[in-house]
file upload.pdb (PDB, C-alpha atoms and all ligand atoms)
ATOM      1  CA  MET A   1     -37.147 -60.759 -21.083
ATOM      2  CA  ASN A   2     -35.782 -63.464 -18.861
ATOM      3  CA  GLU A   3     -38.246 -63.794 -16.036
ATOM      4  CA  PHE A   4     -35.786 -64.531 -13.275
ATOM      5  CA  THR A   5     -32.113 -65.326 -12.799
ATOM      6  CA  LEU A   6     -30.581 -66.479  -9.551
ATOM      7  CA  LEU A   7     -27.706 -64.479  -8.155
ATOM      8  CA  PRO A   8     -24.517 -66.242  -7.001
ATOM      9  CA  GLY A   9     -25.227 -68.008  -3.711
ATOM     10  CA  GLU A  10     -28.949 -67.590  -4.117
ATOM     11  CA  SER A  11     -31.425 -70.451  -3.980
ATOM     12  CA  VAL A  12     -35.184 -70.642  -4.387
ATOM     13  CA  ILE A  13     -37.104 -71.581  -1.260
ATOM     14  CA  LYS A  14     -40.681 -71.048  -2.388
ATOM     15  CA  ARG A  15     -42.490 -70.007  -5.521
ATOM     16  CA  CYS A  16     -46.098 -69.213  -6.343
ATOM     17  CA  ASP A  17     -47.397 -68.435  -9.821
ATOM     18  CA  GLU A  18     -50.841 -67.391  -8.673
ATOM     19  CA  VAL A  19     -50.473 -64.069  -6.948
ATOM     20  CA  SER A  20     -51.519 -60.539  -7.743
ATOM     21  CA  LEU A  21     -49.039 -57.782  -7.089
ATOM     22  CA  LYS A  22     -51.355 -54.943  -8.031
ATOM     23  CA  GLY A  23     -54.541 -56.147  -6.422
ATOM     24  CA  MET A  24     -56.449 -56.046  -9.706
ATOM     25  CA  ASN A  25     -56.275 -59.185 -11.780
ATOM     26  CA  LEU A  26     -57.451 -61.918  -9.450
ATOM     27  CA  PRO A  27     -58.908 -64.315 -10.319
ATOM     28  CA  VAL A  28     -58.777 -63.760 -14.103
ATOM     29  CA  GLY A  29     -55.863 -63.541 -16.473
ATOM     30  CA  LYS A  30     -52.291 -64.622 -16.112
ATOM     31  CA  LYS A  31     -51.161 -64.112 -12.593
ATOM     32  CA  ASP A  32     -48.036 -62.641 -11.164
ATOM     33  CA  ILE A  33     -45.243 -64.677  -9.657
ATOM     34  CA  LEU A  34     -43.782 -64.488  -6.190
ATOM     35  CA  ILE A  35     -40.463 -66.124  -5.409
ATOM     36  CA  LEU A  36     -38.767 -66.380  -2.052
ATOM     37  CA  THR A  37     -35.041 -67.018  -2.120
ATOM     38  CA  ASN A  38     -32.579 -67.157   0.744
ATOM     39  CA  GLN A  39     -31.812 -63.479   0.079
ATOM     40  CA  TYR A  40     -34.694 -61.814  -1.689
ATOM     41  CA  LEU A  41     -38.381 -61.636  -2.247
ATOM     42  CA  VAL A  42     -38.798 -61.486  -6.007
ATOM     43  CA  CYS A  43     -41.987 -60.087  -7.504
ATOM     44  CA  ILE A  44     -42.560 -60.805 -11.167
ATOM     45  CA  GLN A  45     -45.384 -58.932 -12.816
ATOM     46  CA  ARG A  46     -46.939 -60.489 -15.869
ATOM     47  CA  SER A  47     -49.185 -59.190 -18.606
ATOM     48  CA  ILE A  48     -52.575 -60.736 -19.412
ATOM     49  CA  LEU A  49     -50.780 -62.837 -22.043
ATOM     50  CA  GLY A  50     -48.304 -64.090 -19.484
ATOM     51  CA  LYS A  51     -45.359 -61.994 -20.668
ATOM     52  CA  VAL A  52     -43.030 -60.779 -17.956
ATOM     53  CA  LYS A  53     -43.568 -57.058 -17.529
ATOM     54  CA  ASN A  54     -41.455 -56.259 -14.538
ATOM     55  CA  VAL A  55     -39.145 -57.975 -12.057
ATOM     56  CA  GLU A  56     -38.638 -56.395  -8.669
ATOM     57  CA  ARG A  57     -36.235 -57.676  -6.030
ATOM     58  CA  TYR A  58     -36.678 -56.837  -2.367
ATOM     59  CA  PRO A  59     -33.796 -57.800  -0.057
ATOM     60  CA  LEU A  60     -35.052 -59.749   2.961
ATOM     61  CA  SER A  61     -32.845 -57.465   5.053
ATOM     62  CA  ASP A  62     -35.208 -54.604   4.140
ATOM     63  CA  ILE A  63     -38.082 -56.199   6.038
ATOM     64  CA  VAL A  64     -38.834 -54.314   9.240
ATOM     65  CA  MET A  65     -38.100 -56.269  12.415
ATOM     66  CA  THR A  66     -39.987 -55.690  15.673
ATOM     67  CA  ASN A  67     -38.786 -57.503  18.794
ATOM     68  CA  GLY A  68     -36.982 -60.011  16.621
ATOM     69  CA  ALA A  69     -40.058 -60.744  14.524
ATOM     70  CA  PRO A  70     -40.186 -59.842  10.839
ATOM     71  CA  GLN A  71     -43.205 -57.725  10.027
ATOM     72  CA  VAL A  72     -44.934 -60.090   7.626
ATOM     73  CA  LYS A  73     -48.627 -60.488   8.250
ATOM     74  CA  LEU A  74     -51.852 -61.869   6.896
ATOM     75  CA  GLY A  75     -54.322 -59.397   5.462
ATOM     76  CA  LYS A  76     -57.478 -59.208   3.364
ATOM     77  CA  LEU A  77     -58.196 -57.381   0.129
ATOM     78  CA  ASN A  78     -61.138 -57.828  -2.253
ATOM     79  CA  MET A  79     -62.105 -61.122  -0.575
ATOM     80  CA  ASN A  80     -58.605 -62.467  -1.066
ATOM     81  CA  SER A  81     -56.030 -63.155   1.580
ATOM     82  CA  THR A  82     -52.953 -61.033   1.326
ATOM     83  CA  VAL A  83     -49.419 -61.297   2.569
ATOM     84  CA  ASP A  84     -48.517 -57.868   3.905
ATOM     85  CA  ILE A  85     -44.834 -57.176   4.093
ATOM     86  CA  TYR A  86     -43.532 -54.096   5.850
ATOM     87  CA  LEU A  87     -40.305 -52.941   4.254
ATOM     88  CA  LYS A  88     -38.094 -50.071   5.327
ATOM     89  CA  THR A  89     -39.095 -48.526   1.987
ATOM     90  CA  GLY A  90     -42.839 -49.071   2.324
ATOM     91  CA  GLN A  91     -45.512 -51.726   2.382
ATOM     92  CA  LEU A  92     -45.744 -54.581  -0.055
ATOM     93  CA  ARG A  93     -49.125 -56.235  -0.393
ATOM     94  CA  ILE A  94     -49.430 -59.497  -2.273
ATOM     95  CA  GLN A  95     -52.830 -60.989  -2.992
ATOM     96  CA  MET A  96     -53.133 -64.755  -2.907
ATOM     97  CA  VAL A  97     -55.728 -66.965  -4.581
ATOM     98  CA  TRP A  98     -55.791 -69.353  -1.640
ATOM     99  CA  ASP A  99     -56.005 -68.441   2.033
ATOM    100  CA  SER A 100     -53.801 -71.395   2.960
ATOM    101  CA  ASP A 101     -51.137 -70.108   0.552
ATOM    102  CA  ALA A 102     -51.082 -66.776   2.336
ATOM    103  CA  LYS A 103     -50.485 -68.465   5.716
ATOM    104  CA  GLU A 104     -47.746 -70.636   4.226
ATOM    105  CA  TRP A 105     -46.036 -67.599   2.758
ATOM    106  CA  VAL A 106     -46.102 -65.630   5.987
ATOM    107  CA  ASP A 107     -44.521 -68.622   7.734
ATOM    108  CA  ALA A 108     -41.973 -69.277   4.978
ATOM    109  CA  ILE A 109     -40.729 -65.680   4.890
ATOM    110  CA  THR A 110     -40.592 -65.558   8.695
ATOM    111  CA  GLU A 111     -38.617 -68.803   8.803
ATOM    112  CA  VAL A 112     -36.016 -67.682   6.263
ATOM    113  CA  ILE A 113     -35.382 -64.465   8.166
ATOM    114  CA  THR A 114     -35.382 -65.831  11.708
ATOM    115  CA  GLY A 115     -33.956 -69.276  10.906
ATOM    116  CA  VAL A 116     -36.586 -70.695  13.232
ATOM    117  CA  LYS A 117     -39.312 -73.030  12.054
ATOM    118  CA  VAL A 118     -42.763 -71.539  12.597
ATOM    119  CA  GLU A 119     -44.877 -73.966  14.580
ATOM    120  CA  ARG A 120     -48.425 -73.425  13.431
ATOM    121  CA  LYS A 121     -50.206 -75.065  16.243
ATOM    122  CA  GLY A 122     -53.068 -76.080  13.975
ATOM    123  CA  PHE A 123     -55.556 -77.287  16.515
ATOM    124  CA  MET A 124     -54.380 -74.638  18.964
ATOM    125  CA  ASP A 125     -55.769 -72.029  16.584
ATOM    126  CA  ASP A 126     -59.197 -73.371  17.439
ATOM    127  CA  PRO A 127     -60.316 -71.829  20.746
ATOM    128  CA  PHE A 128     -62.580 -74.772  21.598
ATOM    129  CA  LEU A 129     -59.845 -77.302  21.075
ATOM    130  CA  THR A 130     -57.410 -75.110  22.955
ATOM    131  CA  GLU A 131     -59.698 -75.144  25.943
ATOM    132  CA  GLY A 132     -59.940 -78.925  25.748
ATOM    133  CA  PHE A 133     -56.217 -79.205  25.419
ATOM    134  CA  LEU A 134     -55.554 -77.001  28.425
ATOM    135  CA  LYS A 135     -58.032 -79.005  30.472
ATOM    136  CA  MET A 136     -56.264 -82.186  29.432
ATOM    137  CA  ALA A 137     -52.867 -80.695  30.313
ATOM    138  CA  ASP A 138     -54.284 -79.671  33.669
ATOM    139  CA  ASN A 139     -55.504 -83.213  34.299
ATOM    140  CA  VAL A 140     -52.112 -84.614  33.383
ATOM    141  CA  ASP A 141     -50.564 -82.207  35.879
ATOM    142  CA  LYS A 142     -52.970 -83.309  38.566
ATOM    143  CA  ALA A 143     -52.342 -86.980  37.770
ATOM    144  CA  MET A 144     -48.611 -86.399  38.017
ATOM    145  CA  GLY A 145     -49.123 -84.773  41.380
ATOM    146  CA  LYS A 146     -51.098 -87.782  42.623
ATOM    147  CA  PHE A 147     -48.451 -90.094  41.242
ATOM    148  CA  ARG A 148     -45.696 -88.235  43.059
ATOM    149  CA  LYS A 149     -47.700 -88.285  46.224
ATOM    150  CA  ALA A 150     -48.377 -92.012  45.951
ATOM    151  CA  PHE A 151     -44.679 -92.695  45.608
ATOM    152  CA  GLY A 152     -43.630 -90.196  48.192
ATOM    153  CA  ILE A 153     -41.925 -87.975  45.658
ATOM    154  CA  LYS A 154     -41.953 -84.406  46.817
ATOM    155  CA  SER A 155     -42.690 -81.863  44.167
ATOM    156  CA  THR A 156     -41.269 -78.394  44.468
ATOM    157  CA  ALA A 157     -43.309 -76.981  41.604
ATOM    158  CA  GLN A 158     -45.427 -74.101  42.755
ATOM    159  CA  ALA A 159     -49.124 -74.522  42.244
ATOM    160  CA  SER A 160     -52.057 -72.265  42.722
ATOM    161  CA  GLY A 161     -55.753 -72.811  42.647
ATOM    162  CA  LYS A 162     -59.118 -71.701  43.836
ATOM    163  CA  CYS A 163     -60.652 -72.979  47.034
ATOM    164  CA  PRO A 164     -63.626 -75.183  46.110
ATOM    165  CA  GLY A 165     -65.373 -74.000  49.256
ATOM    166  CA  CYS A 166     -65.182 -70.228  49.120
ATOM    167  CA  GLY A 167     -63.327 -69.447  45.900
ATOM    168  CA  ALA A 168     -60.376 -67.815  47.621
ATOM    169  CA  PRO A 169     -57.053 -68.086  45.792
ATOM    170  CA  ILE A 170     -54.761 -70.608  47.468
ATOM    171  CA  SER A 171     -51.249 -71.696  46.684
ATOM    172  CA  GLY A 172     -48.848 -74.458  47.602
ATOM    173  CA  THR A 173     -46.759 -77.063  45.817
ATOM    174  CA  GLU A 174     -47.910 -79.669  43.334
ATOM    175  CA  GLY A 175     -49.521 -82.690  44.950
ATOM    176  CA  GLU A 176     -49.757 -80.965  48.310
ATOM    177  CA  THR A 177     -52.986 -80.855  50.301
ATOM    178  CA  VAL A 178     -53.655 -77.564  51.981
ATOM    179  CA  GLN A 179     -56.425 -76.229  54.135
ATOM    180  CA  CYS A 180     -58.073 -73.014  53.027
ATOM    181  CA  PRO A 181     -57.236 -70.335  55.606
ATOM    182  CA  TYR A 182     -60.660 -68.754  55.118
ATOM    183  CA  CYS A 183     -63.164 -71.571  55.230
ATOM    184  CA  GLY A 184     -61.180 -74.637  56.258
ATOM    185  CA  THR A 185     -61.864 -76.680  53.112
ATOM    186  CA  TYR A 186     -59.097 -79.087  52.125
ATOM    187  CA  TYR A 187     -57.722 -78.804  48.618
ATOM    188  CA  THR A 188     -55.167 -80.965  46.808
ATOM    189  CA  PHE A 189     -53.121 -79.380  44.065
TER     190      PHE A 189
HETATM  191 ZN    ZN B 201     -62.106 -71.515  51.339
END

call {"tool": "encode", "arguments": {"input": "upload.pdb", "output": "structure tokens"}}
result
Amino acid sequence: MNEFTLLPGESVIKRCDEVSLKGMNLPVGKKDILILTNQYLVCIQRSILGKVKNVERYPLSDIVMTNGAPQVKLGKLNMNSTVDIYLKTGQLRIQMVWDSDAKEWVDAITEVITGVKVERKGFMDDPFLTEGFLKMADNVDKAMGKFRKAFGIKSTAQASGKCPGCGAPISGTEGETVQCPYCGTYYTF
């Protein structure tokens, strides 16, 4: 049995020979194959000896879309990461040997369907780094405000903050100094 033949106009985008389609044979034995083309998700089941047992093609157009996002998600099964694909005909669950593979596959499938590159923020996934990053961005904003002020450039960007004196919410424009209406403390955005 020929394991896989491309259809006219079809091209392979991603392939992994280390998946489990039935959730049973990881990590021993010959593994199943998953292929992403520009049109289909192809699942090739193999026997323990590596012989192709079954080839199943799922059109990418069968993947359920919610608010413009294809329903392809990361999951967990028997300690392995899974790529969970919600099709109009049911759920497809593919076990991966490597967690990083699962993430890559979710992104790859999403990208083919939406045509938009998935930006995995990497460091933004880390809440501690995110906090640091936001603080840095905030400081850059503040510095820009001071810069504008120093050069007499008026900013029209709305800004809001908390009064350092009494904690009341105050708002104004970037770089502007306002007096808190409650306690009289001056605050520069
Ligand atoms: Zn105040």

call {"tool": "resolve_selection", "arguments": {"input": "upload.pdb", "expression": "the PyMOL selection byres (((not hetatm)) within 9 of (chain B and resi 201))", "output": "mmCIF file with C-alpha atoms, in the coordinates of the input"}}
result
data_model
loop_
_atom_site.group_PDB
_atom_site.id
_atom_site.type_symbol
_atom_site.label_atom_id
_atom_site.label_comp_id
_atom_site.auth_asym_id
_atom_site.auth_seq_id
_atom_site.Cartn_x
_atom_site.Cartn_y
_atom_site.Cartn_z
ATOM 1 C CA LYS A 162 -59.118 -71.701 43.836
ATOM 2 C CA CYS A 163 -60.652 -72.979 47.034
ATOM 3 C CA PRO A 164 -63.626 -75.183 46.110
ATOM 4 C CA GLY A 165 -65.373 -74.000 49.256
ATOM 5 C CA CYS A 166 -65.182 -70.228 49.120
ATOM 6 C CA GLY A 167 -63.327 -69.447 45.900
ATOM 7 C CA ALA A 168 -60.376 -67.815 47.621
ATOM 8 C CA PRO A 169 -57.053 -68.086 45.792
ATOM 9 C CA ILE A 170 -54.761 -70.608 47.468
ATOM 10 C CA GLN A 179 -56.425 -76.229 54.135
ATOM 11 C CA CYS A 180 -58.073 -73.014 53.027
ATOM 12 C CA PRO A 181 -57.236 -70.335 55.606
ATOM 13 C CA TYR A 182 -60.660 -68.754 55.118
ATOM 14 C CA CYS A 183 -63.164 -71.571 55.230
ATOM 15 C CA GLY A 184 -61.180 -74.637 56.258
ATOM 16 C CA THR A 185 -61.864 -76.680 53.112
ATOM 17 C CA TYR A 186 -59.097 -79.087 52.125
ATOM 18 C CA TYR A 187 -57.722 -78.804 48.618
#

call {"tool": "residues_around", "arguments": {"input": "upload.pdb", "residues": "Val19 (chain A)", "least_positions_apart": "2", "cutoff": "10 Å", "atoms": "all atoms listed in the file", "output": "MDAnalysis selection string"}}
result
chainID A and resid 16:17 21:23 25:27 30:34 43:45 82:83 94:98 101:102

call {"tool": "resolve_selection", "arguments": {"input": "upload.pdb", "expression": "the PyMOL selection byres (((chain A and resi 111) around 12) and not hetatm)", "output": "number ranges by chain"}}
result
A: 13-14, 36-38, 60, 68-70, 72, 104-110, 112-120

call {"tool": "write_last_selection", "arguments": {"input": "upload.pdb", "atoms": "C-alpha atoms", "output": "PDB file, in the frame of the given file"}}
result
ATOM      1  CA  ILE A  13     -37.104 -71.581  -1.260  1.00  0.00           C
ATOM      2  CA  LYS A  14     -40.681 -71.048  -2.388  1.00  0.00           C
ATOM      3  CA  LEU A  36     -38.767 -66.380  -2.052  1.00  0.00           C
ATOM      4  CA  THR A  37     -35.041 -67.018  -2.120  1.00  0.00           C
ATOM      5  CA  ASN A  38     -32.579 -67.157   0.744  1.00  0.00           C
ATOM      6  CA  LEU A  60     -35.052 -59.749   2.961  1.00  0.00           C
ATOM      7  CA  GLY A  68     -36.982 -60.011  16.621  1.00  0.00           C
ATOM      8  CA  ALA A  69     -40.058 -60.744  14.524  1.00  0.00           C
ATOM      9  CA  PRO A  70     -40.186 -59.842  10.839  1.00  0.00           C
ATOM     10  CA  VAL A  72     -44.934 -60.090   7.626  1.00  0.00           C
ATOM     11  CA  GLU A 104     -47.746 -70.636   4.226  1.00  0.00           C
ATOM     12  CA  TRP A 105     -46.036 -67.599   2.758  1.00  0.00           C
ATOM     13  CA  VAL A 106     -46.102 -65.630   5.987  1.00  0.00           C
ATOM     14  CA  ASP A 107     -44.521 -68.622   7.734  1.00  0.00           C
ATOM     15  CA  ALA A 108     -41.973 -69.277   4.978  1.00  0.00           C
ATOM     16  CA  ILE A 109     -40.729 -65.680   4.890  1.00  0.00           C
ATOM     17  CA  THR A 110     -40.592 -65.558   8.695  1.00  0.00           C
ATOM     18  CA  VAL A 112     -36.016 -67.682   6.263  1.00  0.00           C
ATOM     19  CA  ILE A 113     -35.382 -64.465   8.166  1.00  0.00           C
ATOM     20  CA  THR A 114     -35.382 -65.831  11.708  1.00  0.00           C
ATOM     21  CA  GLY A 115     -33.956 -69.276  10.906  1.00  0.00           C
ATOM     22  CA  VAL A 116     -36.586 -70.695  13.232  1.00  0.00           C
ATOM     23  CA  LYS A 117     -39.312 -73.030  12.054  1.00  0.00           C
ATOM     24  CA  VAL A 118     -42.763 -71.539  12.597  1.00  0.00           C
ATOM     25  CA  GLU A 119     -44.877 -73.966  14.580  1.00  0.00           C
ATOM     26  CA  ARG A 120     -48.425 -73.425  13.431  1.00  0.00           C
TER      27      ARG A 120
END

call {"tool": "atom_distance", "arguments": {"input": "upload.pdb", "atom1": "CA of Gly175 (chain A)", "atom2": "CA of Phe189 (chain A)"}}
result
5.0 Å

call {"tool": "atom_distance", "arguments": {"input": "upload.pdb", "atom1": "CA of Thr66 (chain A)", "atom2": "CA of Arg93 (chain A)"}}
result
18.5 Å

call {"tool": "resolve_selection", "arguments": {"input": "upload.pdb", "expression": "the PyMOL selection byres (((chain A and resi 85-89) around 6) and not hetatm)", "output": "list in words"}}
result
Asp62, Ile63, Val64, Gln71, Val72, Asp84, Gly90, Gln91 and Leu92 of chain A

call {"tool": "atom_distance", "arguments": {"input": "upload.pdb", "atom1": "CA of Leu6 (chain A)", "atom2": "CA of Gln39 (chain A)"}}
result
10.2 Å

call {"tool": "residues_around", "arguments": {"input": "upload.pdb", "residues": "Pro59 (chain A)", "least_positions_apart": "5", "cutoff": "9 Å", "atoms": "all atoms listed in the file", "output": "list of chain:residue names"}}
result
A:Gln39, A:Tyr40, A:Leu41, A:Val42

call {"tool": "write_last_selection", "arguments": {"input": "upload.pdb", "atoms": "C-alpha atoms", "output": "PDB file, in the frame of the given file"}}
result
ATOM      1  CA  GLN A  39     -31.812 -63.479   0.079  1.00  0.00           C
ATOM      2  CA  TYR A  40     -34.694 -61.814  -1.689  1.00  0.00           C
ATOM      3  CA  LEU A  41     -38.381 -61.636  -2.247  1.00  0.00           C
ATOM      4  CA  VAL A  42     -38.798 -61.486  -6.007  1.00  0.00           C
TER       5      VAL A  42
END

call {"tool": "closest_residue", "arguments": {"input": "upload.pdb", "among": "A:Met65, A:Lys53, A:Ser20, A:Ile48", "to": "Ser81 (chain A)", "atoms": "all atoms listed in the file"}}
result
A:Ser20
